[in-house]
>>> print(open('my_file.cif').read())   # mmCIF, C-alpha atoms
data_data
loop_
_atom_site.label_atom_id
_atom_site.label_comp_id
_atom_site.auth_asym_id
_atom_site.auth_seq_id
_atom_site.Cartn_x
_atom_site.Cartn_y
_atom_site.Cartn_z
CA MET A 1 0.00 0.00 0.00
CA LYS A 2 2.77 2.42 0.99
CA THR A 3 4.62 1.58 -2.21
CA ALA A 4 1.52 2.37 -4.29
CA ILE A 5 1.00 5.71 -2.49
CA SER A 6 4.67 6.56 -2.92
CA SER A 7 4.44 5.73 -6.62
CA VAL A 8 1.39 7.98 -7.05
CA LYS A 9 3.14 10.84 -5.27
CA SER A 10 6.21 10.35 -7.41
CA ASP A 11 4.14 10.38 -10.61
CA SER A 12 2.26 13.49 -9.45
CA PHE A 13 5.49 15.31 -8.67
CA ALA A 14 6.91 14.35 -12.06
CA MET A 15 3.77 15.68 -13.77
CA TYR A 16 3.85 18.98 -11.82
CA PHE A 17 7.54 19.40 -12.52
CA SER A 18 6.97 18.68 -16.21
CA ASP A 19 4.23 21.32 -16.32
CA PHE A 20 6.47 23.80 -14.50
CA LYS A 21 9.15 23.25 -17.11
CA GLU A 22 6.60 23.76 -19.86
CA ILE A 23 5.01 26.89 -18.38
CA THR A 24 8.48 28.42 -18.02
CA LYS A 25 9.71 27.01 -21.38
CA VAL A 26 12.78 25.42 -19.88
CA ARG A 27 14.78 25.02 -23.10
CA LEU A 28 14.30 28.65 -24.05
CA ALA A 29 15.11 29.75 -20.49
CA VAL A 30 18.32 27.70 -20.43
CA SER A 31 19.43 29.20 -23.76
CA VAL A 32 18.81 32.68 -22.36
CA VAL A 33 20.81 31.85 -19.22
CA PHE A 34 23.63 30.59 -21.46
CA SER A 35 23.66 33.93 -23.32
CA SER A 36 23.70 35.86 -20.05
CA ILE A 37 26.60 33.86 -18.66
CA ALA A 38 28.53 34.34 -21.91
CA GLY A 39 27.99 38.09 -21.60
CA TYR A 40 29.12 37.97 -17.97
CA LEU A 41 32.33 36.13 -18.84
CA LEU A 42 33.09 38.70 -21.54
CA GLY A 43 32.62 41.59 -19.14
CA ALA A 44 34.20 40.17 -16.00
CA VAL A 45 37.75 41.10 -15.06
CA GLU A 46 37.66 38.31 -12.48
CA VAL A 47 34.99 35.62 -12.55
CA ASP A 48 32.95 35.43 -9.35
CA TYR A 49 31.09 32.13 -9.30
CA ILE A 50 28.50 33.34 -6.80
CA SER A 51 27.61 36.11 -9.25
CA VAL A 52 27.36 33.56 -12.05
CA LEU A 53 24.94 31.47 -9.99
CA LEU A 54 22.87 34.54 -9.10
CA LEU A 55 22.76 35.57 -12.76
CA ALA A 56 21.74 32.06 -13.84
CA PHE A 57 19.00 31.78 -11.22
CA GLY A 58 17.74 35.32 -11.68
CA GLY A 59 17.84 35.01 -15.45
CA TYR A 60 15.86 31.77 -15.41
CA CYS A 61 13.27 33.34 -13.12
CA MET A 62 12.84 36.36 -15.41
CA VAL A 63 12.45 34.26 -18.56
CA GLY A 64 10.21 31.77 -16.77
CA ALA A 65 8.00 34.59 -15.49
CA SER A 66 7.71 36.11 -18.98
CA ASN A 67 6.70 32.78 -20.47
CA ALA A 68 4.18 32.08 -17.73
CA TYR A 69 2.53 35.49 -18.21
CA ASN A 70 2.53 34.88 -21.95
CA GLN A 71 0.76 31.55 -21.60
CA VAL A 72 -1.85 33.05 -19.30
CA ILE A 73 -2.58 35.85 -21.80
CA GLU A 74 -2.63 33.51 -24.81
CA LYS A 75 -4.40 30.54 -23.20
CA ASP A 76 -7.40 30.68 -25.52
CA LEU A 77 -5.25 31.13 -28.63
CA ASP A 78 -2.91 28.34 -27.55
CA ALA A 79 -5.89 25.98 -27.49
CA LEU A 80 -6.39 26.61 -31.22
CA MET A 81 -2.89 25.61 -32.34
CA LYS A 82 -1.45 22.14 -32.65
CA ARG A 83 1.95 23.06 -31.19
CA THR A 84 0.49 24.70 -28.07
CA LYS A 85 -2.85 23.03 -27.33
CA ASN A 86 -1.19 20.58 -24.92
CA ARG A 87 0.40 23.29 -22.81
CA PRO A 88 -0.59 23.09 -19.13
CA ILE A 89 -3.31 25.78 -19.16
CA PRO A 90 -5.23 24.98 -22.38
CA ALA A 91 -4.92 21.26 -21.62
CA GLY A 92 -6.53 21.84 -18.23
CA ARG A 93 -3.61 20.54 -16.16
CA MET A 94 -2.92 23.95 -14.59
CA SER A 95 -5.29 26.72 -13.59
CA VAL A 96 -4.78 30.34 -14.59
CA SER A 97 -4.44 31.33 -10.92
CA THR A 98 -1.66 28.77 -10.39
CA ALA A 99 0.17 30.00 -13.48
CA MET A 100 -0.16 33.60 -12.28
CA ILE A 101 1.23 32.68 -8.86
CA ILE A 102 4.20 31.04 -10.56
CA ALA A 103 4.72 34.10 -12.76
CA VAL A 104 4.52 36.60 -9.89
CA VAL A 105 6.78 34.56 -7.60
CA LEU A 106 9.36 34.16 -10.37
CA THR A 107 9.19 37.88 -11.14
CA ILE A 108 9.90 38.80 -7.53
CA LEU A 109 12.64 36.20 -7.14
CA GLY A 110 14.23 37.23 -10.44
CA ILE A 111 14.27 40.98 -9.78
CA VAL A 112 15.51 40.57 -6.20
CA THR A 113 18.22 38.12 -7.25
CA LEU A 114 19.45 40.33 -10.08
CA TYR A 115 19.36 43.35 -7.74
CA PHE A 116 21.93 41.61 -5.55
CA LEU A 117 24.25 41.79 -8.57
CA ASN A 118 23.50 45.47 -9.19
CA PRO A 119 20.42 47.67 -9.73
CA LYS A 120 21.03 48.11 -13.48
CA THR A 121 20.84 44.35 -14.04
CA ALA A 122 17.55 44.16 -12.15
CA MET A 123 16.21 47.14 -14.12
CA PHE A 124 17.00 45.58 -17.51
CA GLY A 125 15.49 42.29 -16.34
CA ALA A 126 12.29 44.06 -15.32
CA ILE A 127 12.17 45.96 -18.63
CA SER A 128 12.50 42.65 -20.44
CA ILE A 129 9.48 41.17 -18.66
CA PHE A 130 7.41 44.29 -19.27
CA LEU A 131 8.18 44.52 -22.98
CA TYR A 132 7.63 40.80 -23.55
CA THR A 133 4.31 40.52 -21.75
CA SER A 134 2.76 43.98 -22.08
CA VAL A 135 3.88 45.02 -25.57
CA TYR A 136 5.15 42.07 -27.63
CA THR A 137 2.51 39.52 -26.62
CA PRO A 138 -0.57 41.69 -27.38
CA LEU A 139 0.94 42.84 -30.68
CA LYS A 140 1.38 39.31 -32.04
CA THR A 141 -2.23 39.22 -33.22
CA LYS A 142 -2.19 42.83 -34.43
CA THR A 143 0.86 43.33 -36.61
CA PRO A 144 4.02 41.62 -37.90
CA LEU A 145 5.91 44.46 -36.22
CA SER A 146 5.51 42.42 -33.04
CA VAL A 147 8.69 40.57 -34.03
CA PHE A 148 10.56 43.89 -34.08
CA VAL A 149 9.22 44.79 -30.65
CA GLY A 150 9.94 41.31 -29.30
CA ALA A 151 13.52 41.54 -30.52
CA PHE A 152 14.22 44.14 -27.80
CA PRO A 153 13.57 41.92 -24.74
CA GLY A 154 15.01 39.01 -26.69
CA ALA A 155 18.30 40.86 -27.17
CA ILE A 156 18.73 41.80 -23.52
CA PRO A 157 20.24 38.54 -22.12
CA PHE A 158 23.66 38.72 -23.86
CA MET A 159 23.95 42.35 -22.83
CA LEU A 160 22.59 41.65 -19.34
CA GLY A 161 25.55 39.45 -18.48
CA TRP A 162 28.02 42.24 -19.24
CA VAL A 163 26.02 44.71 -17.12
CA ALA A 164 25.89 42.14 -14.30
CA ALA A 165 29.68 41.84 -14.38
CA THR A 166 30.52 45.55 -14.73
CA ASP A 167 27.54 47.53 -13.39
CA ASN A 168 27.92 49.63 -16.52
CA PHE A 169 26.09 50.10 -19.82
CA GLY A 170 28.21 51.35 -22.71
CA ILE A 171 29.43 50.46 -26.18
CA GLU A 172 30.36 46.91 -25.15
CA PRO A 173 26.96 45.68 -23.91
CA GLY A 174 25.35 47.80 -26.61
CA THR A 175 27.24 45.79 -29.23
CA LEU A 176 26.24 42.49 -27.62
CA PHE A 177 22.65 43.72 -27.63
CA MET A 178 22.79 44.55 -31.35
CA ILE A 179 24.24 41.16 -32.29
CA GLN A 180 21.40 39.28 -30.65
CA PHE A 181 18.85 41.86 -31.82
CA PHE A 182 19.59 41.33 -35.52
CA TRP A 183 19.97 37.56 -35.07
CA GLN A 184 16.40 37.21 -33.90
CA PHE A 185 14.81 38.26 -37.21
CA PRO A 186 16.10 35.41 -39.38
CA HIS A 187 15.63 33.00 -36.48
CA PHE A 188 12.00 33.86 -35.69
CA TRP A 189 10.96 34.44 -39.27
CA ALA A 190 12.32 31.01 -40.19
CA LEU A 191 10.32 29.58 -37.27
CA GLY A 192 7.29 31.62 -38.31
CA TRP A 193 7.63 30.31 -41.86
CA MET A 194 7.64 26.70 -40.66
CA LEU A 195 4.65 27.23 -38.36
CA ASP A 196 2.73 29.75 -40.48
CA ASP A 197 -0.41 27.64 -40.83
CA ASP A 198 -0.51 26.93 -37.11
CA TYR A 199 0.13 30.56 -36.21
CA LYS A 200 -2.74 31.62 -38.45
CA ARG A 201 -5.07 29.32 -36.51
CA GLY A 202 -4.25 31.39 -33.43
CA GLY A 203 -4.47 34.68 -35.30
CA PHE A 204 -0.75 35.45 -34.97
CA LYS A 205 0.92 37.65 -37.58
CA MET A 206 4.59 36.70 -37.52
CA LEU A 207 5.93 37.05 -41.08
CA PRO A 208 6.90 40.57 -42.22
CA THR A 209 4.84 40.47 -45.43
CA GLY A 210 2.21 38.17 -43.97
CA LYS A 211 3.14 35.54 -46.53
CA LYS A 212 5.74 32.87 -47.20
CA ASP A 213 7.05 34.76 -50.20
CA ARG A 214 10.22 36.28 -51.66
CA GLY A 215 9.60 39.50 -49.74
CA THR A 216 9.86 37.72 -46.40
CA ALA A 217 12.86 35.69 -47.57
CA LEU A 218 14.61 38.84 -48.79
CA GLN A 219 14.18 40.52 -45.41
CA ILE A 220 15.62 37.43 -43.75
CA ILE A 221 18.70 37.76 -45.98
CA MET A 222 19.09 41.47 -45.17
CA TYR A 223 18.90 40.98 -41.40
CA THR A 224 21.31 38.05 -41.62
CA LEU A 225 23.82 40.31 -43.37
CA TRP A 226 23.48 42.95 -40.66
CA MET A 227 23.92 40.27 -38.00
CA ILE A 228 27.19 39.15 -39.59
CA VAL A 229 28.50 42.72 -39.81
CA ILE A 230 27.69 43.54 -36.17
CA SER A 231 29.12 40.21 -34.99
CA ILE A 232 32.61 40.97 -36.31
CA ILE A 233 32.75 44.72 -35.56
CA PRO A 234 34.80 44.21 -32.34
CA VAL A 235 37.76 43.03 -34.47
CA PHE A 236 38.24 46.65 -35.58
CA GLY A 237 38.95 47.83 -32.02
CA ILE A 238 36.10 50.33 -31.82
CA THR A 239 34.00 48.65 -29.15
CA GLY A 240 35.95 49.39 -25.99
CA ARG A 241 36.92 46.38 -23.90
CA LEU A 242 34.88 44.08 -26.13
CA GLN A 243 37.50 42.82 -28.55
CA LEU A 244 37.85 40.03 -31.07
CA SER A 245 40.97 38.55 -32.62
CA ILE A 246 41.31 38.23 -36.38
CA VAL A 247 41.14 34.43 -36.16
CA ALA A 248 37.94 34.56 -34.09
CA ALA A 249 36.43 37.14 -36.44
CA VAL A 250 37.16 34.93 -39.45
CA ILE A 251 35.54 31.94 -37.72
CA ILE A 252 32.43 33.94 -36.87
CA PHE A 253 32.31 35.40 -40.39
CA LEU A 254 32.44 31.91 -41.91
CA MET A 255 29.69 30.71 -39.56
CA GLY A 256 27.63 33.72 -40.60
CA LEU A 257 28.16 32.84 -44.26
CA GLY A 258 26.87 29.36 -43.48
CA MET A 259 23.69 30.83 -42.04
CA LEU A 260 23.45 33.22 -45.00
CA PHE A 261 23.65 30.23 -47.35
CA PHE A 262 20.54 28.75 -45.78
CA ALA A 263 18.81 32.14 -45.99
CA PHE A 264 19.48 32.22 -49.74
CA ARG A 265 18.24 28.64 -50.05
CA LEU A 266 14.99 29.72 -48.42
CA TYR A 267 14.74 32.61 -50.89
CA GLU A 268 15.27 30.16 -53.74
CA LYS A 269 13.02 27.29 -52.63
CA ARG A 270 10.52 28.98 -50.28
CA ASP A 271 9.59 25.72 -48.54
CA ASN A 272 9.30 24.57 -44.93
CA ALA A 273 12.30 22.25 -45.20
CA SER A 274 14.55 25.20 -46.09
CA ALA A 275 13.06 27.28 -43.28
CA ARG A 276 13.78 24.49 -40.81
CA LYS A 277 17.40 24.27 -41.92
CA LEU A 278 17.77 28.03 -41.51
CA MET A 279 16.20 27.91 -38.06
CA LEU A 280 18.58 25.16 -36.94
CA ALA A 281 21.52 27.03 -38.48
CA SER A 282 20.53 30.15 -36.54
CA VAL A 283 20.46 28.25 -33.24
CA SER A 284 23.89 26.82 -33.96
CA TYR A 285 25.20 30.24 -34.96
CA ILE A 286 24.17 32.13 -31.82
CA THR A 287 25.51 29.41 -29.53
CA LEU A 288 28.82 28.90 -31.32
CA MET A 289 29.33 32.63 -31.83
CA GLN A 290 29.03 33.26 -28.10
CA LEU A 291 31.42 30.40 -27.38
CA VAL A 292 33.95 31.81 -29.85
CA TYR A 293 33.76 35.22 -28.16
CA VAL A 294 34.33 33.73 -24.71
CA ILE A 295 37.11 31.35 -25.78
CA ASP A 296 38.81 34.14 -27.73
CA LYS A 297 38.90 36.32 -24.63
CA PHE A 298 40.46 33.70 -22.38
CA ILE A 299 43.08 32.37 -24.77
#
>>> encode(input="my_file.cif", output="structure tokens")
Amino acid sequence: MKTAISSVKSDSFAMYFSDFKEITKVRLAVSVVFSSIAGYLLGAVEVDYISVLLLAFGGYCMVGASNAYNQVIEKDLDALMKRTKNRPIPAGRMSVSTAMIIAVVLTILGIVTLYFLNPKTAMFGAISIFLYTSVYTPLKTKTPLSVFVGAFPGAIPFMLGWVAATDNFGIEPGTLFMIQFFWQFPHFWALGWMLDDDYKRGGFKMLPTGKKDRGTALQIIMYTLWMIVISIIPVFGITGRLQLSIVAAVIIFLMGLGMLFFAFRLYEKRDNASARKLMLASVSYITLMQLVYVIDKFI
């Protein structure tokens, strides 16, 4: 009997934990934390591991809170789309009030934790939550410009790490912000291309022209080009302490060309398979680019 009760409790905990991961979008949150830590390592003169842990915890809380608020706001729309109808709220596994409690608790924990690093870090974290939930989320059903608005909170994490390490906002974190800002357009438009039919079921307007056409593909190419340019600017020595060796710049440039290749393939073929390849290439690019920056600094 005790074994059966223990098994039920274990299964219930696993289900609740699974829903918590889904309401906070754990994979997205971890990628954001990775970007923040990369930014911290670039800005830090000496690495303080307590600060890294605070940044990781606070960053996860902020992203998790944003995603929880988002799923509360979009619960009815999520129920209409194949990719989101099994999320905890539309599937009926979690109530709106529970999701809101999670969101509020994570907001408080995130802001307080980041404040221990410095007030500027907490401020940018709070701005990120506000823009994501109060501006970007409502605009998704109104205009394709929502992607532009969403690129601002989405670009904060890489920059946030530098601010956490230095308590300063200048050309260096500004450059990190711009890299991730321009990267988001090809990434999310490729995702939007793949999921266009599903997004339309929910009333979301994600593609810049509203269609899977050459106009959208051309804009993807243009933003990819800007991303490449911004990514290698530190090699010219005009971005303060944020520097990049020639070897690292060449590596990043070649990775950017790889992503650009897939952008051109999408322009040529205009199919979901090409969009998926571009999306995967963009994920690889942002991760490897940040690793190259960090490795280049320490060697």
>>> atom_distance(input="my_file.cif", atom1="atom CA of Tyr223 of chain A", atom2="atom CA of Leu291 of chain A")
21.6 Å
>>> closest_atom_pairs(input="my_file.cif", of="segment 101-157 of chain A", to="segment 201-204 of chain A", cutoff="10 Å", atoms="all atoms listed in the file", output="JSON lines")
{"residue": "A:Thr137", "atom": "CA", "partner": "A:Phe204", "partner_atom": "CA", "distance": 9.8}
{"residue": "A:Pro138", "atom": "CA", "partner": "A:Phe204", "partner_atom": "CA", "distance": 9.8}
{"residue": "A:Leu139", "atom": "CA", "partner": "A:Phe204", "partner_atom": "CA", "distance": 8.7}
{"residue": "A:Lys140", "atom": "CA", "partner": "A:Phe204", "partner_atom": "CA", "distance": 5.3}
{"residue": "A:Thr141", "atom": "CA", "partner": "A:Phe204", "partner_atom": "CA", "distance": 4.4}
{"residue": "A:Lys142", "atom": "CA", "partner": "A:Phe204", "partner_atom": "CA", "distance": 7.5}
{"residue": "A:Thr143", "atom": "CA", "partner": "A:Phe204", "partner_atom": "CA", "distance": 8.2}
{"residue": "A:Pro144", "atom": "CA", "partner": "A:Phe204", "partner_atom": "CA", "distance": 8.3}
{"residue": "A:Ser146", "atom": "CA", "partner": "A:Phe204", "partner_atom": "CA", "distance": 9.6}
>>> residues_around(input="my_file.cif", residues="segment 168-171 of chain A", least_positions_apart="5", cutoff="10 Å", atoms="only C-alpha atoms", output="MDAnalysis selection string")
chainID A and resid 43 118 120:121 159:160 162:163 176:177 238:242
>>> closest_residue(input="my_file.cif", among="A:Met15, A:Val63, A:Val30, A:Leu53", to="Leu106 of chain A", atoms="all atoms listed in the file")
A:Val63
>>> residues_around(input="my_file.cif", residues="Lys277 of chain A", least_positions_apart="4", cutoff="8 Å", atoms="all atoms listed in the file", output="ChimeraX atom specification")
/A:262,273,281
>>> resolve_selection(input="my_file.cif", expression="the PyMOL selection byres ((chain A and resi 215-219) around 9)", output="PyMOL selection string")
chain A and resi 185-186+189-190+193+207-214+220-224+263-264+266-268+270
>>> atom_distance(input="my_file.cif", atom1="atom CA of Leu80 of chain A", atom2="atom CA of Asp196 of chain A")
13.4 Å
>>> resolve_selection(input="my_file.cif", expression="the PyMOL selection byres ((chain A and resi 245) around 10)", output="PyMOL selection string")
chain A and resi 232+234-237+243-244+246-251+293+296-297
>>> residues_around(input="my_file.cif", residues="Ile50 of chain A", least_positions_apart="2", cutoff="12 Å", atoms="only C-alpha atoms", output="JSON, numbers by chain")
{"A": [46, 47, 48, 52, 53, 54, 55, 56, 57, 58, 113, 114, 116, 117, 164, 165]}
>>> closest_residue(input="my_file.cif", among="A:Tyr49, A:Phe13, A:Phe124, A:Phe261", to="Pro153 of chain A", atoms="only C-alpha atoms")
A:Phe124
>>> build_atoms(input="my_file.cif", residues="segment 20-31 of chain A", atoms="all heavy atoms", output="JSON list (two decimals), in the frame of the given file")
[["chain", "number", "residue", "atom", "x", "y", "z"],
["A", 20, "PHE", "N", 5.70, 22.60, -14.87],
["A", 20, "PHE", "CA", 6.47, 23.80, -14.50],
["A", 20, "PHE", "C", 7.51, 24.09, -15.58],
["A", 20, "PHE", "O", 7.70, 25.25, -15.97],
["A", 20, "PHE", "CB", 7.16, 23.58, -13.15],
["A", 20, "PHE", "CG", 8.07, 24.73, -12.76],
["A", 20, "PHE", "CD1", 7.55, 25.88, -12.20],
["A", 20, "PHE", "CD2", 9.44, 24.66, -12.98],
["A", 20, "PHE", "CE1", 8.37, 26.95, -11.85],
["A", 20, "PHE", "CE2", 10.27, 25.72, -12.63],
["A", 20, "PHE", "CZ", 9.72, 26.86, -12.07],
["A", 21, "LYS", "N", 8.16, 23.06, -16.06],
["A", 21, "LYS", "CA", 9.15, 23.25, -17.11],
["A", 21, "LYS", "C", 8.50, 23.79, -18.38],
["A", 21, "LYS", "O", 9.07, 24.63, -19.08],
["A", 21, "LYS", "CB", 9.88, 21.94, -17.42],
["A", 21, "LYS", "CG", 10.82, 21.47, -16.31],
["A", 21, "LYS", "CD", 11.73, 20.35, -16.77],
["A", 21, "LYS", "CE", 10.96, 19.11, -17.14],
["A", 21, "LYS", "NZ", 11.86, 18.00, -17.57],
["A", 22, "GLU", "N", 7.28, 23.32, -18.64],
["A", 22, "GLU", "CA", 6.60, 23.76, -19.86],
["A", 22, "GLU", "C", 6.08, 25.18, -19.73],
["A", 22, "GLU", "O", 6.13, 25.95, -20.69],
["A", 22, "GLU", "CB", 5.46, 22.79, -20.20],
["A", 22, "GLU", "CG", 4.95, 22.98, -21.62],
["A", 22, "GLU", "CD", 4.16, 21.78, -22.11],
["A", 22, "GLU", "OE1", 4.05, 20.77, -21.37],
["A", 22, "GLU", "OE2", 3.66, 21.87, -23.25],
["A", 23, "ILE", "N", 5.57, 25.54, -18.56],
["A", 23, "ILE", "CA", 5.01, 26.89, -18.38],
["A", 23, "ILE", "C", 6.13, 27.94, -18.38],
["A", 23, "ILE", "O", 5.93, 29.09, -18.74],
["A", 23, "ILE", "CB", 4.18, 26.98, -17.07],
["A", 23, "ILE", "CG1", 3.21, 28.18, -17.12],
["A", 23, "ILE", "CG2", 5.07, 27.13, -15.85],
["A", 23, "ILE", "CD1", 1.98, 27.93, -17.93],
["A", 24, "THR", "N", 7.34, 27.50, -18.00],
["A", 24, "THR", "CA", 8.48, 28.42, -18.02],
["A", 24, "THR", "C", 9.34, 28.25, -19.27],
["A", 24, "THR", "O", 10.33, 28.97, -19.44],
["A", 24, "THR", "CB", 9.37, 28.22, -16.78],
["A", 24, "THR", "OG1", 9.86, 26.87, -16.74],
["A", 24, "THR", "CG2", 8.62, 28.53, -15.50],
["A", 25, "LYS", "N", 8.97, 27.32, -20.15],
["A", 25, "LYS", "CA", 9.71, 27.01, -21.38],
["A", 25, "LYS", "C", 11.19, 26.80, -21.07],
["A", 25, "LYS", "O", 12.05, 27.61, -21.40],
["A", 25, "LYS", "CB", 9.54, 28.14, -22.40],
["A", 25, "LYS", "CG", 8.14, 28.27, -22.96],
["A", 25, "LYS", "CD", 8.09, 29.29, -24.09],
["A", 25, "LYS", "CE", 6.69, 29.44, -24.64],
["A", 25, "LYS", "NZ", 6.61, 30.49, -25.70],
["A", 26, "VAL", "N", 11.47, 25.68, -20.45],
["A", 26, "VAL", "CA", 12.78, 25.42, -19.88],
["A", 26, "VAL", "C", 13.91, 25.51, -20.90],
["A", 26, "VAL", "O", 14.98, 26.05, -20.62],
["A", 26, "VAL", "CB", 12.79, 24.05, -19.15],
["A", 26, "VAL", "CG1", 12.55, 22.91, -20.11],
["A", 26, "VAL", "CG2", 14.11, 23.86, -18.41],
["A", 27, "ARG", "N", 13.69, 24.99, -22.11],
["A", 27, "ARG", "CA", 14.78, 25.02, -23.10],
["A", 27, "ARG", "C", 15.11, 26.44, -23.52],
["A", 27, "ARG", "O", 16.28, 26.80, -23.67],
["A", 27, "ARG", "CB", 14.41, 24.16, -24.32],
["A", 27, "ARG", "CG", 14.49, 22.66, -24.05],
["A", 27, "ARG", "CD", 14.23, 21.85, -25.29],
["A", 27, "ARG", "NE", 12.84, 21.98, -25.72],
["A", 27, "ARG", "CZ", 12.33, 21.37, -26.77],
["A", 27, "ARG", "NH1", 13.10, 20.58, -27.53],
["A", 27, "ARG", "NH2", 11.06, 21.51, -27.11],
["A", 28, "LEU", "N", 14.07, 27.25, -23.72],
["A", 28, "LEU", "CA", 14.30, 28.65, -24.05],
["A", 28, "LEU", "C", 14.99, 29.36, -22.89],
["A", 28, "LEU", "O", 15.93, 30.14, -23.09],
["A", 28, "LEU", "CB", 12.97, 29.34, -24.37],
["A", 28, "LEU", "CG", 13.02, 30.86, -24.58],
["A", 28, "LEU", "CD1", 13.92, 31.20, -25.76],
["A", 28, "LEU", "CD2", 11.62, 31.41, -24.79],
["A", 29, "ALA", "N", 14.53, 29.10, -21.66],
["A", 29, "ALA", "CA", 15.11, 29.75, -20.49],
["A", 29, "ALA", "C", 16.58, 29.39, -20.33],
["A", 29, "ALA", "O", 17.41, 30.26, -20.01],
["A", 29, "ALA", "CB", 14.32, 29.36, -19.24],
["A", 30, "VAL", "N", 16.92, 28.13, -20.56],
["A", 30, "VAL", "CA", 18.32, 27.70, -20.43],
["A", 30, "VAL", "C", 19.19, 28.38, -21.49],
["A", 30, "VAL", "O", 20.32, 28.79, -21.22],
["A", 30, "VAL", "CB", 18.42, 26.17, -20.54],
["A", 30, "VAL", "CG1", 19.87, 25.72, -20.69],
["A", 30, "VAL", "CG2", 17.81, 25.51, -19.30],
["A", 31, "SER", "N", 18.66, 28.53, -22.71],
["A", 31, "SER", "CA", 19.43, 29.20, -23.76],
["A", 31, "SER", "C", 19.66, 30.66, -23.41],
["A", 31, "SER", "O", 20.73, 31.23, -23.69],
["A", 31, "SER", "CB", 18.73, 29.08, -25.11],
["A", 31, "SER", "OG", 17.54, 29.85, -25.14]]
